[in-house]
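Okay, structure first, notes after.
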Amino acid sequence: MADKLDFFQSDIVQDFNKDIESFHLGPLWNAIPDLMHKQPTPQAIPYLWKWETLYTKLMEASKIFTPDRGGERRAIYLQNPGLKNREPWGWASTTQTLYAAVQLILPGETAPSHRHTQSALRFITNGSGAYTIVQGERIFMEEGDYLITPGGLWHGHSHPGDEPMIWMDALDIPTIYSIGGTFFEAYPDRIEQPSVPDNFSAQRYAGGMVRPISDRYPKVAPLGAYKWSQTIAAIEGLSKFEPDPFDGYAVEYINPSNGKTANPNMASWMQLLPRGFQGKAHRHTSSTIYQVYKGAGYTVINGVRFDWAKGDFFVVPNWAWHEHVALEDSFLFSVSDLPIMEKFEVQREEIYKEKNGHQEIQDQFVPLLPK
Ligand code: 1HN
């Protein structure tokens, strides 16, 4: 071993390494330990953002930034402290693959229509009355609804209602950025005009378990909005039986014309953890962003207890052990990069075998102070 180290540090090797670098060449014998790990070593860290902070900052932002003034959306995104100043970004995303934000729109405001190669989704947490217009369909949003805008579709928002609305946005921005696939285009007018009836797709799919005859063959986004009333009905049916040992009563939003996940690169679930639920621990290659829709509880991530309540966001990075505990009946909305991991064939899961499947709690989460 010592011989090997001595060899790598010898002048002859060091000089050679330097020499080839000036020709824009690199020595693999130096790089391998940094590139190849036995298992994932996530740069993103487990983290939690309290709703109170997000809400307060959005309200402050509404005094400073208006879509009319800035021309864009009023969204504040979650910066994972482990990803700050990550080269070559200069900005931190929420996980290595995904971006998440909270967006506030006030009555009378519009957010201009545009399209991009990144896929987007929305989960509505506060208020009603605003609509998003996706490819000419005005989709009116209500609490608990899940909406999708897969890459390439025109979308903008407008608020003819009378109360502030807040929702979560998630996009696959870091993934598309890192593979060099970013395209963005503004709509020629500020906001697209309707070309089909309002709430068209949700009405066409109101049956929930059957598809219109013309959707026999797959479409990108046959259904633009997944209404809370249907999601909760599905969970109630499921909850009469045994819960999943890790995730309780969880349903995934799917594309009803092809059975795949609703958004091509991001999977989303709504899950009910009944009061007293004590999930078992596992870890997987995919990373997950959670928002607590209702309830309270905690998640143990790599031995640290993260207490959560309504509105809070938390991140379980890739390959982190995690288990959920519900102190009240709780609904968690989540977004994960599972489809990305599956496309690259790197999805793996491991079940925590020690101590009856539960981690020892060694610490409690506290927010990091700015440096
Ligand atoms: C976007 O289109 C939305 O449509 C939200 O509301 C956040 C962040 C980056 C790029 C596009 C939206 C976004 C975004």
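Here's how to read the names in the structure tokens: chain A, B, ... by the order shown, residue numbers from 1 in each chain, ligand numbers from 1 in the order shown.
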Within 8 Å of Ile124 (chain A), counting only C-alpha atoms, which residues qualify if same-chain residues fewer than 5 places away don't, as a PDB file with all heavy atoms, in the first residue's frame?
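Written out: result05.pdb:
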ATOM      1  N   MET A 141     -57.546  25.856 -10.648  1.00  0.00           N
ATOM      2  CA  MET A 141     -56.824  25.087  -9.628  1.00  0.00           C
ATOM      3  C   MET A 141     -57.495  25.194  -8.265  1.00  0.00           C
ATOM      4  O   MET A 141     -57.927  26.277  -7.868  1.00  0.00           O
ATOM      5  CB  MET A 141     -55.380  25.597  -9.558  1.00  0.00           C
ATOM      6  CG  MET A 141     -54.649  25.438 -10.883  1.00  0.00           C
ATOM      7  SD  MET A 141     -52.946  26.041 -10.850  1.00  0.00           S
ATOM      8  CE  MET A 141     -53.188  27.794 -11.182  1.00  0.00           C
ATOM      9  N   GLU A 142     -57.553  24.074  -7.573  1.00  0.00           N
ATOM     10  CA  GLU A 142     -58.121  24.027  -6.219  1.00  0.00           C
ATOM     11  C   GLU A 142     -57.162  23.262  -5.316  1.00  0.00           C
ATOM     12  O   GLU A 142     -56.351  22.462  -5.792  1.00  0.00           O
ATOM     13  CB  GLU A 142     -59.466  23.296  -6.246  1.00  0.00           C
ATOM     14  CG  GLU A 142     -60.519  24.007  -7.072  1.00  0.00           C
ATOM     15  CD  GLU A 142     -61.801  23.187  -7.205  1.00  0.00           C
ATOM     16  OE1 GLU A 142     -61.745  22.059  -7.740  1.00  0.00           O
ATOM     17  OE2 GLU A 142     -62.844  23.671  -6.762  1.00  0.00           O
ATOM     18  N   GLU A 143     -57.309  23.474  -4.008  1.00  0.00           N
ATOM     19  CA  GLU A 143     -56.389  22.842  -3.048  1.00  0.00           C
ATOM     20  C   GLU A 143     -56.385  21.321  -3.211  1.00  0.00           C
ATOM     21  O   GLU A 143     -57.437  20.716  -3.366  1.00  0.00           O
ATOM     22  CB  GLU A 143     -56.778  23.227  -1.618  1.00  0.00           C
ATOM     23  CG  GLU A 143     -56.409  24.669  -1.326  1.00  0.00           C
ATOM     24  CD  GLU A 143     -56.821  25.159   0.055  1.00  0.00           C
ATOM     25  OE1 GLU A 143     -57.162  24.318   0.920  1.00  0.00           O
ATOM     26  OE2 GLU A 143     -56.785  26.387   0.261  1.00  0.00           O
ATOM     27  N   GLY A 144     -55.197  20.774  -3.173  1.00  0.00           N
ATOM     28  CA  GLY A 144     -55.048  19.316  -3.276  1.00  0.00           C
ATOM     29  C   GLY A 144     -54.924  18.810  -4.710  1.00  0.00           C
ATOM     30  O   GLY A 144     -54.636  17.634  -4.914  1.00  0.00           O
ATOM     31  N   ASP A 145     -55.134  19.692  -5.686  1.00  0.00           N
ATOM     32  CA  ASP A 145     -55.012  19.265  -7.085  1.00  0.00           C
ATOM     33  C   ASP A 145     -53.539  19.118  -7.468  1.00  0.00           C
ATOM     34  O   ASP A 145     -52.669  19.856  -6.965  1.00  0.00           O
ATOM     35  CB  ASP A 145     -55.635  20.286  -8.051  1.00  0.00           C
ATOM     36  CG  ASP A 145     -57.153  20.349  -7.949  1.00  0.00           C
ATOM     37  OD1 ASP A 145     -57.748  19.542  -7.211  1.00  0.00           O
ATOM     38  OD2 ASP A 145     -57.735  21.227  -8.616  1.00  0.00           O
ATOM     39  N   TYR A 146     -53.309  18.208  -8.372  1.00  0.00           N
ATOM     40  CA  TYR A 146     -51.968  17.974  -8.919  1.00  0.00           C
ATOM     41  C   TYR A 146     -52.050  18.246 -10.418  1.00  0.00           C
ATOM     42  O   TYR A 146     -52.954  17.739 -11.086  1.00  0.00           O
ATOM     43  CB  TYR A 146     -51.576  16.520  -8.649  1.00  0.00           C
ATOM     44  CG  TYR A 146     -50.361  16.038  -9.392  1.00  0.00           C
ATOM     45  CD1 TYR A 146     -49.094  16.463  -9.025  1.00  0.00           C
ATOM     46  CD2 TYR A 146     -50.473  15.145 -10.454  1.00  0.00           C
ATOM     47  CE1 TYR A 146     -47.970  16.010  -9.701  1.00  0.00           C
ATOM     48  CE2 TYR A 146     -49.357  14.688 -11.132  1.00  0.00           C
ATOM     49  CZ  TYR A 146     -48.104  15.132 -10.751  1.00  0.00           C
ATOM     50  OH  TYR A 146     -47.002  14.676 -11.425  1.00  0.00           O
ATOM     51  N   ILE A 166     -51.275  29.846  -3.574  1.00  0.00           N
ATOM     52  CA  ILE A 166     -49.887  29.357  -3.465  1.00  0.00           C
ATOM     53  C   ILE A 166     -49.854  27.898  -3.894  1.00  0.00           C
ATOM     54  O   ILE A 166     -50.768  27.133  -3.553  1.00  0.00           O
ATOM     55  CB  ILE A 166     -49.361  29.472  -2.021  1.00  0.00           C
ATOM     56  CG1 ILE A 166     -49.379  30.940  -1.561  1.00  0.00           C
ATOM     57  CG2 ILE A 166     -47.935  28.911  -1.905  1.00  0.00           C
ATOM     58  CD1 ILE A 166     -48.970  31.142  -0.112  1.00  0.00           C
ATOM     59  N   TRP A 167     -48.850  27.558  -4.645  1.00  0.00           N
ATOM     60  CA  TRP A 167     -48.654  26.148  -4.979  1.00  0.00           C
ATOM     61  C   TRP A 167     -47.169  25.812  -5.013  1.00  0.00           C
ATOM     62  O   TRP A 167     -46.316  26.699  -4.975  1.00  0.00           O
ATOM     63  CB  TRP A 167     -49.314  25.798  -6.309  1.00  0.00           C
ATOM     64  CG  TRP A 167     -48.811  26.531  -7.524  1.00  0.00           C
ATOM     65  CD1 TRP A 167     -47.635  26.318  -8.185  1.00  0.00           C
ATOM     66  CD2 TRP A 167     -49.495  27.585  -8.223  1.00  0.00           C
ATOM     67  NE1 TRP A 167     -47.546  27.176  -9.250  1.00  0.00           N
ATOM     68  CE2 TRP A 167     -48.680  27.964  -9.310  1.00  0.00           C
ATOM     69  CE3 TRP A 167     -50.715  28.239  -8.048  1.00  0.00           C
ATOM     70  CZ2 TRP A 167     -49.032  28.974 -10.209  1.00  0.00           C
ATOM     71  CZ3 TRP A 167     -51.062  29.247  -8.949  1.00  0.00           C
ATOM     72  CH2 TRP A 167     -50.227  29.592 -10.014  1.00  0.00           C
ATOM     73  N   MET A 168     -46.909  24.521  -5.030  1.00  0.00           N
ATOM     74  CA  MET A 168     -45.533  24.041  -5.181  1.00  0.00           C
ATOM     75  C   MET A 168     -45.287  23.779  -6.659  1.00  0.00           C
ATOM     76  O   MET A 168     -46.145  23.215  -7.336  1.00  0.00           O
ATOM     77  CB  MET A 168     -45.376  22.719  -4.439  1.00  0.00           C
ATOM     78  CG  MET A 168     -44.112  21.971  -4.798  1.00  0.00           C
ATOM     79  SD  MET A 168     -44.292  20.233  -4.318  1.00  0.00           S
ATOM     80  CE  MET A 168     -42.625  19.677  -4.372  1.00  0.00           C
TER      81      MET A 168
END
Around ligand 1, which protein and nucleic acid residues have at least one atom no more than 8 Å from it, if we count only C-alpha atoms and all ligand atoms? List them as a list in words.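 After applying the 8 Å limit, what remains is Arg73, Ala75, Tyr99, Ala101, Gln103, Ala111, Ser113, His114, Arg115, His116, Gln118, Ala120, Arg122, Thr149, His155, Gly156, His157, Asp169, Ala170, Leu171 and Ile173 of chain A.
Shell of Ser239 (chain A) at 6 Å, with only C-alpha atoms counted and residues fewer than 3 places along the chain excluded, is Ile235, Glu236 and Tyr249 of chain A.
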May I have all residues of region 116-328 of chain A that DSSP, computed from the backbone, assigns to alpha helix (DSSP H), given as a PyMOL selection string? chain A and resi 173-178+200-204+228-238
May I have the selected residues written with C-alpha atoms, as a PDB file, in the first residue's frame?
ATOM      1  CA  ILE A 173     -34.197  21.745 -14.345  1.00  0.00           C
ATOM      2  CA  PRO A 174     -30.869  20.413 -12.971  1.00  0.00           C
ATOM      3  CA  THR A 175     -31.159  17.212 -15.004  1.00  0.00           C
ATOM      4  CA  ILE A 176     -31.983  18.939 -18.274  1.00  0.00           C
ATOM      5  CA  TYR A 177     -29.270  21.519 -17.614  1.00  0.00           C
ATOM      6  CA  SER A 178     -26.600  18.919 -16.965  1.00  0.00           C
ATOM      7  CA  PHE A 200     -61.450  20.047 -20.591  1.00  0.00           C
ATOM      8  CA  SER A 201     -59.149  17.151 -19.732  1.00  0.00           C
ATOM      9  CA  ALA A 202     -60.286  16.656 -16.114  1.00  0.00           C
ATOM     10  CA  GLN A 203     -63.885  16.448 -17.347  1.00  0.00           C
ATOM     11  CA  ARG A 204     -62.972  13.980 -20.102  1.00  0.00           C
ATOM     12  CA  TRP A 228     -58.141  16.089  -5.072  1.00  0.00           C
ATOM     13  CA  SER A 229     -61.622  14.533  -4.897  1.00  0.00           C
ATOM     14  CA  GLN A 230     -60.432  11.615  -7.046  1.00  0.00           C
ATOM     15  CA  THR A 231     -57.081  11.239  -5.300  1.00  0.00           C
ATOM     16  CA  ILE A 232     -58.694  11.070  -1.861  1.00  0.00           C
ATOM     17  CA  ALA A 233     -61.307   8.566  -3.081  1.00  0.00           C
ATOM     18  CA  ALA A 234     -58.508   6.284  -4.289  1.00  0.00           C
ATOM     19  CA  ILE A 235     -56.640   6.572  -0.985  1.00  0.00           C
ATOM     20  CA  GLU A 236     -59.763   5.891   1.050  1.00  0.00           C
ATOM     21  CA  GLY A 237     -60.350   2.678  -0.874  1.00  0.00           C
ATOM     22  CA  LEU A 238     -56.755   1.615  -0.383  1.00  0.00           C
TER      23      LEU A 238
END
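For the residues A:Gly303, A:Pro112, A:Pro339, A:Pro164, ranking by smallest atom-to-atom distance to Thr125 (chain A) using only C-alpha atoms places A:Pro164 first.
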Check the smallest atom-to-atom distance from each of A:Gln362, A:Ser22, A:Thr95, A:Gln135 to Phe306 (chain A) using only C-alpha atoms, then report the winner. A:Gln362
In Å, rounded to a single decimal, give me how far CA of Thr261 (chain A) is from CA of Lys280 (chain A).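 Distance between the two atoms: 24.6 Å.
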